[in-house]
Amino acid sequence: MRIGELSRKTGIHERLLRYYEEQNLLQPKRRPSGYREYSEADVDTVRRIRSLLAAGLNTATIATILPCLRDEGERLVPTCSDLLADLTKERERITKAIIDLQTSRAALDNVIAAAPADVAKRATSSGTARIT
């Protein structure tokens, strides 16, 4: 199938599919005319890529681990023994980022809470104070 059909089947824009190829996440065959030729397996690969991106992994990491994953229904299952260590490191990186963001939010909450009543009232009435 050509890139337009892969785009329709996956819901991913053609430009993004080309980017995945640049990042070595997809390796379509080339026709003599130069057009990319994708297989049905590439539809599943794009879905795996999207799942891993949604999990917070970057494309460089995905390129490394993609060959070591298979689909089992709605789940991705690791097939290489060293993959679990890499995934655990990524999970720890994400956990640290979450903790750092929570710390930043708490610091902002403290600054906002310290605002004098008249400043807070003006901010609320002008619609600029929308911290949740």
# chains A, B, ... in the order shown; residues from 1 in each chain; ligands from 1
$ residues_around --residues "region 35-40 of chain A" --least-positions-apart "6" --cutoff "7 Å" --atoms "only C-alpha atoms" --output "ChimeraX atom specification"
/A:1-3,28-29
$ select_by_dssp --residues "region 38-119 of chain A" --states "helix (DSSP H, G or I)" --output "PyMOL selection string"
chain A and resi 40-54+59-68+83-113+117-119
$ residues_around --residues "Thr79 (chain A)" --least-positions-apart "6" --cutoff "8 Å" --atoms "only C-alpha atoms" --output "JSON, numbers by chain"
{"A": [68, 69, 70]}
$ write_last_selection --atoms "C-alpha atoms" --output "CSV table (one decimal), in the first residue's frame"
chain,number,residue,atom,x,y,z
A,68,CYS,CA,11.7,-6.4,20.9
A,69,LEU,CA,7.9,-6.0,21.2
A,70,ARG,CA,5.0,-8.0,19.9
$ closest_atom_pairs --of "region 19-43 of chain A" --to "region 57-63 of chain A" --cutoff "10 Å" --atoms "only C-alpha atoms" --output "CSV"
residue,atom,partner,partner_atom,distance
A:Tyr19,CA,A:Thr59,CA,9.8
A:Tyr20,CA,A:Thr59,CA,8.0
A:Gln23,CA,A:Thr59,CA,6.8
A:Asn24,CA,A:Ala63,CA,6.3
A:Leu25,CA,A:Ala63,CA,5.4
A:Leu26,CA,A:Ala63,CA,9.0
$ write_last_selection --atoms "N, CA and C atoms" --output "compact mmCIF listing (two decimals), in the first residue's frame"
# COMPACT_ATOMS: atom_id res chain seq x y z
N TYR A 19 8.28 11.11 8.88
CA TYR A 19 9.16 11.35 10.03
C TYR A 19 9.52 10.03 10.71
N TYR A 20 8.54 9.15 10.88
CA TYR A 20 8.83 7.84 11.48
C TYR A 20 9.86 7.08 10.65
N GLN A 23 13.26 8.44 11.34
CA GLN A 23 13.72 8.00 12.67
C GLN A 23 13.97 6.49 12.73
N ASN A 24 13.89 5.83 11.59
CA ASN A 24 14.09 4.38 11.49
C ASN A 24 13.05 3.56 12.26
N LEU A 25 11.87 4.11 12.38
CA LEU A 25 10.78 3.38 13.02
C LEU A 25 9.98 2.57 11.99
N LEU A 26 9.98 3.04 10.76
CA LEU A 26 9.36 2.34 9.64
C LEU A 26 10.40 2.18 8.54
$ atom_distance --atom1 "CA of Arg8 (chain A)" --atom2 "CA of Asp44 (chain A)"
13.3 Å
$ atom_distance --atom1 "CA of Glu90 (chain A)" --atom2 "CA of Ser104 (chain A)"
21.1 Å
$ select_by_dssp --residues "chain A" --states "strand (DSSP E)" --output "PyMOL selection string"
chain A and resi 29-30+36-37+69-72+75-78
$ write_last_selection --atoms "C-alpha atoms" --output "tab-separated table (two decimals), in the first residue's frame"
chain	number	residue	atom	x	y	z
A	29	LYS	CA	10.17	-0.84	0.49
A	30	ARG	CA	10.63	1.43	-2.51
A	36	ARG	CA	7.09	4.01	-0.69
A	37	GLU	CA	5.40	0.62	-0.43
A	69	LEU	CA	7.93	-6.00	21.20
A	70	ARG	CA	5.00	-7.96	19.85
A	71	ASP	CA	1.27	-7.38	20.00
A	72	GLU	CA	-0.95	-9.63	22.06
A	75	ARG	CA	-1.02	-5.32	25.00
A	76	LEU	CA	2.58	-4.94	23.93
A	77	VAL	CA	4.71	-7.82	25.18
A	78	PRO	CA	8.52	-7.64	25.48
$ atom_distance --atom1 "CA of Ile99 (chain A)" --atom2 "CA of Thr64 (chain A)"
26.2 Å
$ residues_around --residues "Glu5 (chain A)" --least-positions-apart "4" --cutoff "10 Å" --atoms "only C-alpha atoms" --output "PyMOL selection string"
chain A and resi 1+9-11+14+38+43
$ decode --residues "region 4-40 of chain A" --atoms "N, CA, C and O atoms" --output "PDB file, in the first residue's frame"
ATOM      1  N   GLY A   4      -0.532   7.147   1.431  1.00  0.00           N
ATOM      2  CA  GLY A   4      -1.871   7.692   1.657  1.00  0.00           C
ATOM      3  C   GLY A   4      -2.803   6.664   2.268  1.00  0.00           C
ATOM      4  O   GLY A   4      -3.598   6.979   3.163  1.00  0.00           O
ATOM      5  N   GLU A   5      -2.710   5.426   1.800  1.00  0.00           N
ATOM      6  CA  GLU A   5      -3.554   4.372   2.355  1.00  0.00           C
ATOM      7  C   GLU A   5      -3.143   4.043   3.788  1.00  0.00           C
ATOM      8  O   GLU A   5      -3.991   3.843   4.651  1.00  0.00           O
ATOM      9  N   LEU A   6      -1.832   4.004   4.047  1.00  0.00           N
ATOM     10  CA  LEU A   6      -1.373   3.774   5.419  1.00  0.00           C
ATOM     11  C   LEU A   6      -1.869   4.889   6.328  1.00  0.00           C
ATOM     12  O   LEU A   6      -2.315   4.643   7.448  1.00  0.00           O
ATOM     13  N   SER A   7      -1.837   6.105   5.836  1.00  0.00           N
ATOM     14  CA  SER A   7      -2.332   7.249   6.597  1.00  0.00           C
ATOM     15  C   SER A   7      -3.814   7.079   6.925  1.00  0.00           C
ATOM     16  O   SER A   7      -4.236   7.308   8.062  1.00  0.00           O
ATOM     17  N   ARG A   8      -4.600   6.669   5.952  1.00  0.00           N
ATOM     18  CA  ARG A   8      -6.038   6.462   6.182  1.00  0.00           C
ATOM     19  C   ARG A   8      -6.291   5.331   7.179  1.00  0.00           C
ATOM     20  O   ARG A   8      -7.141   5.441   8.049  1.00  0.00           O
ATOM     21  N   LYS A   9      -5.538   4.254   7.063  1.00  0.00           N
ATOM     22  CA  LYS A   9      -5.746   3.094   7.940  1.00  0.00           C
ATOM     23  C   LYS A   9      -5.333   3.365   9.382  1.00  0.00           C
ATOM     24  O   LYS A   9      -5.894   2.789  10.302  1.00  0.00           O
ATOM     25  N   THR A  10      -4.345   4.229   9.569  1.00  0.00           N
ATOM     26  CA  THR A  10      -3.829   4.481  10.916  1.00  0.00           C
ATOM     27  C   THR A  10      -4.317   5.795  11.514  1.00  0.00           C
ATOM     28  O   THR A  10      -4.205   5.995  12.724  1.00  0.00           O
ATOM     29  N   GLY A  11      -4.801   6.696  10.664  1.00  0.00           N
ATOM     30  CA  GLY A  11      -5.206   8.008  11.149  1.00  0.00           C
ATOM     31  C   GLY A  11      -4.021   8.924  11.403  1.00  0.00           C
ATOM     32  O   GLY A  11      -4.164   9.962  12.053  1.00  0.00           O
ATOM     33  N   ILE A  12      -2.860   8.567  10.897  1.00  0.00           N
ATOM     34  CA  ILE A  12      -1.639   9.350  11.101  1.00  0.00           C
ATOM     35  C   ILE A  12      -1.302  10.083   9.802  1.00  0.00           C
ATOM     36  O   ILE A  12      -1.282   9.488   8.726  1.00  0.00           O
ATOM     37  N   HIS A  13      -1.023  11.368   9.911  1.00  0.00           N
ATOM     38  CA  HIS A  13      -0.727  12.201   8.746  1.00  0.00           C
ATOM     39  C   HIS A  13       0.501  11.662   8.006  1.00  0.00           C
ATOM     40  O   HIS A  13       1.436  11.156   8.614  1.00  0.00           O
ATOM     41  N   GLU A  14       0.489  11.800   6.698  1.00  0.00           N
ATOM     42  CA  GLU A  14       1.598  11.331   5.866  1.00  0.00           C
ATOM     43  C   GLU A  14       2.933  11.935   6.287  1.00  0.00           C
ATOM     44  O   GLU A  14       3.965  11.261   6.277  1.00  0.00           O
ATOM     45  N   ARG A  15       2.924  13.203   6.651  1.00  0.00           N
ATOM     46  CA  ARG A  15       4.162  13.866   7.069  1.00  0.00           C
ATOM     47  C   ARG A  15       4.759  13.169   8.297  1.00  0.00           C
ATOM     48  O   ARG A  15       5.969  12.985   8.393  1.00  0.00           O
ATOM     49  N   LEU A  16       3.902  12.764   9.220  1.00  0.00           N
ATOM     50  CA  LEU A  16       4.372  12.081  10.417  1.00  0.00           C
ATOM     51  C   LEU A  16       4.876  10.678  10.078  1.00  0.00           C
ATOM     52  O   LEU A  16       5.864  10.221  10.654  1.00  0.00           O
ATOM     53  N   LEU A  17       4.260  10.010   9.135  1.00  0.00           N
ATOM     54  CA  LEU A  17       4.745   8.700   8.699  1.00  0.00           C
ATOM     55  C   LEU A  17       6.137   8.827   8.067  1.00  0.00           C
ATOM     56  O   LEU A  17       7.007   7.982   8.309  1.00  0.00           O
ATOM     57  N   ARG A  18       6.362   9.890   7.309  1.00  0.00           N
ATOM     58  CA  ARG A  18       7.697  10.121   6.743  1.00  0.00           C
ATOM     59  C   ARG A  18       8.718  10.379   7.861  1.00  0.00           C
ATOM     60  O   ARG A  18       9.860   9.929   7.787  1.00  0.00           O
ATOM     61  N   TYR A  19       8.279  11.109   8.884  1.00  0.00           N
ATOM     62  CA  TYR A  19       9.162  11.353  10.030  1.00  0.00           C
ATOM     63  C   TYR A  19       9.522  10.030  10.711  1.00  0.00           C
ATOM     64  O   TYR A  19      10.676   9.816  11.082  1.00  0.00           O
ATOM     65  N   TYR A  20       8.545   9.147  10.883  1.00  0.00           N
ATOM     66  CA  TYR A  20       8.827   7.839  11.479  1.00  0.00           C
ATOM     67  C   TYR A  20       9.857   7.085  10.647  1.00  0.00           C
ATOM     68  O   TYR A  20      10.733   6.407  11.198  1.00  0.00           O
ATOM     69  N   GLU A  21       9.781   7.213   9.341  1.00  0.00           N
ATOM     70  CA  GLU A  21      10.776   6.573   8.481  1.00  0.00           C
ATOM     71  C   GLU A  21      12.155   7.200   8.710  1.00  0.00           C
ATOM     72  O   GLU A  21      13.157   6.486   8.834  1.00  0.00           O
ATOM     73  N   GLU A  22      12.216   8.524   8.790  1.00  0.00           N
ATOM     74  CA  GLU A  22      13.492   9.210   9.053  1.00  0.00           C
ATOM     75  C   GLU A  22      14.105   8.753  10.375  1.00  0.00           C
ATOM     76  O   GLU A  22      15.325   8.698  10.513  1.00  0.00           O
ATOM     77  N   GLN A  23      13.262   8.436  11.343  1.00  0.00           N
ATOM     78  CA  GLN A  23      13.719   8.004  12.669  1.00  0.00           C
ATOM     79  C   GLN A  23      13.966   6.494  12.735  1.00  0.00           C
ATOM     80  O   GLN A  23      14.215   5.944  13.804  1.00  0.00           O
ATOM     81  N   ASN A  24      13.889   5.827  11.594  1.00  0.00           N
ATOM     82  CA  ASN A  24      14.085   4.376  11.488  1.00  0.00           C
ATOM     83  C   ASN A  24      13.053   3.564  12.255  1.00  0.00           C
ATOM     84  O   ASN A  24      13.337   2.461  12.723  1.00  0.00           O
ATOM     85  N   LEU A  25      11.866   4.109  12.379  1.00  0.00           N
ATOM     86  CA  LEU A  25      10.775   3.379  13.020  1.00  0.00           C
ATOM     87  C   LEU A  25       9.985   2.571  11.990  1.00  0.00           C
ATOM     88  O   LEU A  25       9.382   1.560  12.326  1.00  0.00           O
ATOM     89  N   LEU A  26       9.984   3.036  10.762  1.00  0.00           N
ATOM     90  CA  LEU A  26       9.356   2.338   9.635  1.00  0.00           C
ATOM     91  C   LEU A  26      10.398   2.182   8.539  1.00  0.00           C
ATOM     92  O   LEU A  26      11.207   3.092   8.321  1.00  0.00           O
ATOM     93  N   GLN A  27      10.369   1.055   7.854  1.00  0.00           N
ATOM     94  CA  GLN A  27      11.282   0.818   6.742  1.00  0.00           C
ATOM     95  C   GLN A  27      10.490   0.305   5.537  1.00  0.00           C
ATOM     96  O   GLN A  27      10.528  -0.894   5.229  1.00  0.00           O
ATOM     97  N   PRO A  28       9.764   1.204   4.865  1.00  0.00           N
ATOM     98  CA  PRO A  28       8.999   0.759   3.699  1.00  0.00           C
ATOM     99  C   PRO A  28       9.935   0.377   2.553  1.00  0.00           C
ATOM    100  O   PRO A  28      11.050   0.875   2.455  1.00  0.00           O
ATOM    101  N   LYS A  29       9.444  -0.513   1.724  1.00  0.00           N
ATOM    102  CA  LYS A  29      10.171  -0.838   0.493  1.00  0.00           C
ATOM    103  C   LYS A  29       9.937   0.314  -0.484  1.00  0.00           C
ATOM    104  O   LYS A  29       9.010   1.094  -0.322  1.00  0.00           O
ATOM    105  N   ARG A  30      10.783   0.394  -1.482  1.00  0.00           N
ATOM    106  CA  ARG A  30      10.634   1.429  -2.511  1.00  0.00           C
ATOM    107  C   ARG A  30      10.327   0.773  -3.855  1.00  0.00           C
ATOM    108  O   ARG A  30      10.967  -0.196  -4.228  1.00  0.00           O
ATOM    109  N   ARG A  31       9.342   1.316  -4.528  1.00  0.00           N
ATOM    110  CA  ARG A  31       9.038   0.885  -5.891  1.00  0.00           C
ATOM    111  C   ARG A  31      10.095   1.459  -6.822  1.00  0.00           C
ATOM    112  O   ARG A  31      10.780   2.430  -6.463  1.00  0.00           O
ATOM    113  N   PRO A  32      10.214   0.912  -8.014  1.00  0.00           N
ATOM    114  CA  PRO A  32      11.161   1.498  -8.991  1.00  0.00           C
ATOM    115  C   PRO A  32      10.893   2.985  -9.238  1.00  0.00           C
ATOM    116  O   PRO A  32      11.814   3.751  -9.519  1.00  0.00           O
ATOM    117  N   SER A  33       9.636   3.389  -9.079  1.00  0.00           N
ATOM    118  CA  SER A  33       9.287   4.799  -9.272  1.00  0.00           C
ATOM    119  C   SER A  33       9.721   5.671  -8.093  1.00  0.00           C
ATOM    120  O   SER A  33       9.653   6.884  -8.172  1.00  0.00           O
ATOM    121  N   GLY A  34      10.163   5.041  -6.991  1.00  0.00           N
ATOM    122  CA  GLY A  34      10.576   5.791  -5.810  1.00  0.00           C
ATOM    123  C   GLY A  34       9.494   5.889  -4.750  1.00  0.00           C
ATOM    124  O   GLY A  34       9.762   6.308  -3.631  1.00  0.00           O
ATOM    125  N   TYR A  35       8.261   5.510  -5.096  1.00  0.00           N
ATOM    126  CA  TYR A  35       7.177   5.560  -4.125  1.00  0.00           C
ATOM    127  C   TYR A  35       7.415   4.544  -3.013  1.00  0.00           C
ATOM    128  O   TYR A  35       7.927   3.453  -3.257  1.00  0.00           O
ATOM    129  N   ARG A  36       6.995   4.916  -1.816  1.00  0.00           N
ATOM    130  CA  ARG A  36       7.090   4.005  -0.686  1.00  0.00           C
ATOM    131  C   ARG A  36       6.013   2.939  -0.807  1.00  0.00           C
ATOM    132  O   ARG A  36       4.890   3.231  -1.190  1.00  0.00           O
ATOM    133  N   GLU A  37       6.350   1.726  -0.417  1.00  0.00           N
ATOM    134  CA  GLU A  37       5.403   0.615  -0.425  1.00  0.00           C
ATOM    135  C   GLU A  37       5.357   0.034   0.988  1.00  0.00           C
ATOM    136  O   GLU A  37       6.350  -0.494   1.494  1.00  0.00           O
ATOM    137  N   TYR A  38       4.191   0.177   1.618  1.00  0.00           N
ATOM    138  CA  TYR A  38       4.005  -0.306   2.983  1.00  0.00           C
ATOM    139  C   TYR A  38       3.235  -1.624   2.981  1.00  0.00           C
ATOM    140  O   TYR A  38       2.454  -1.899   2.076  1.00  0.00           O
ATOM    141  N   SER A  39       3.432  -2.414   4.030  1.00  0.00           N
ATOM    142  CA  SER A  39       2.726  -3.687   4.175  1.00  0.00           C
ATOM    143  C   SER A  39       1.673  -3.560   5.277  1.00  0.00           C
ATOM    144  O   SER A  39       1.645  -2.569   6.018  1.00  0.00           O
ATOM    145  N   GLU A  40       0.846  -4.568   5.394  1.00  0.00           N
ATOM    146  CA  GLU A  40      -0.145  -4.597   6.482  1.00  0.00           C
ATOM    147  C   GLU A  40       0.549  -4.602   7.839  1.00  0.00           C
ATOM    148  O   GLU A  40       0.038  -4.043   8.806  1.00  0.00           O
TER     149      GLU A  40
END
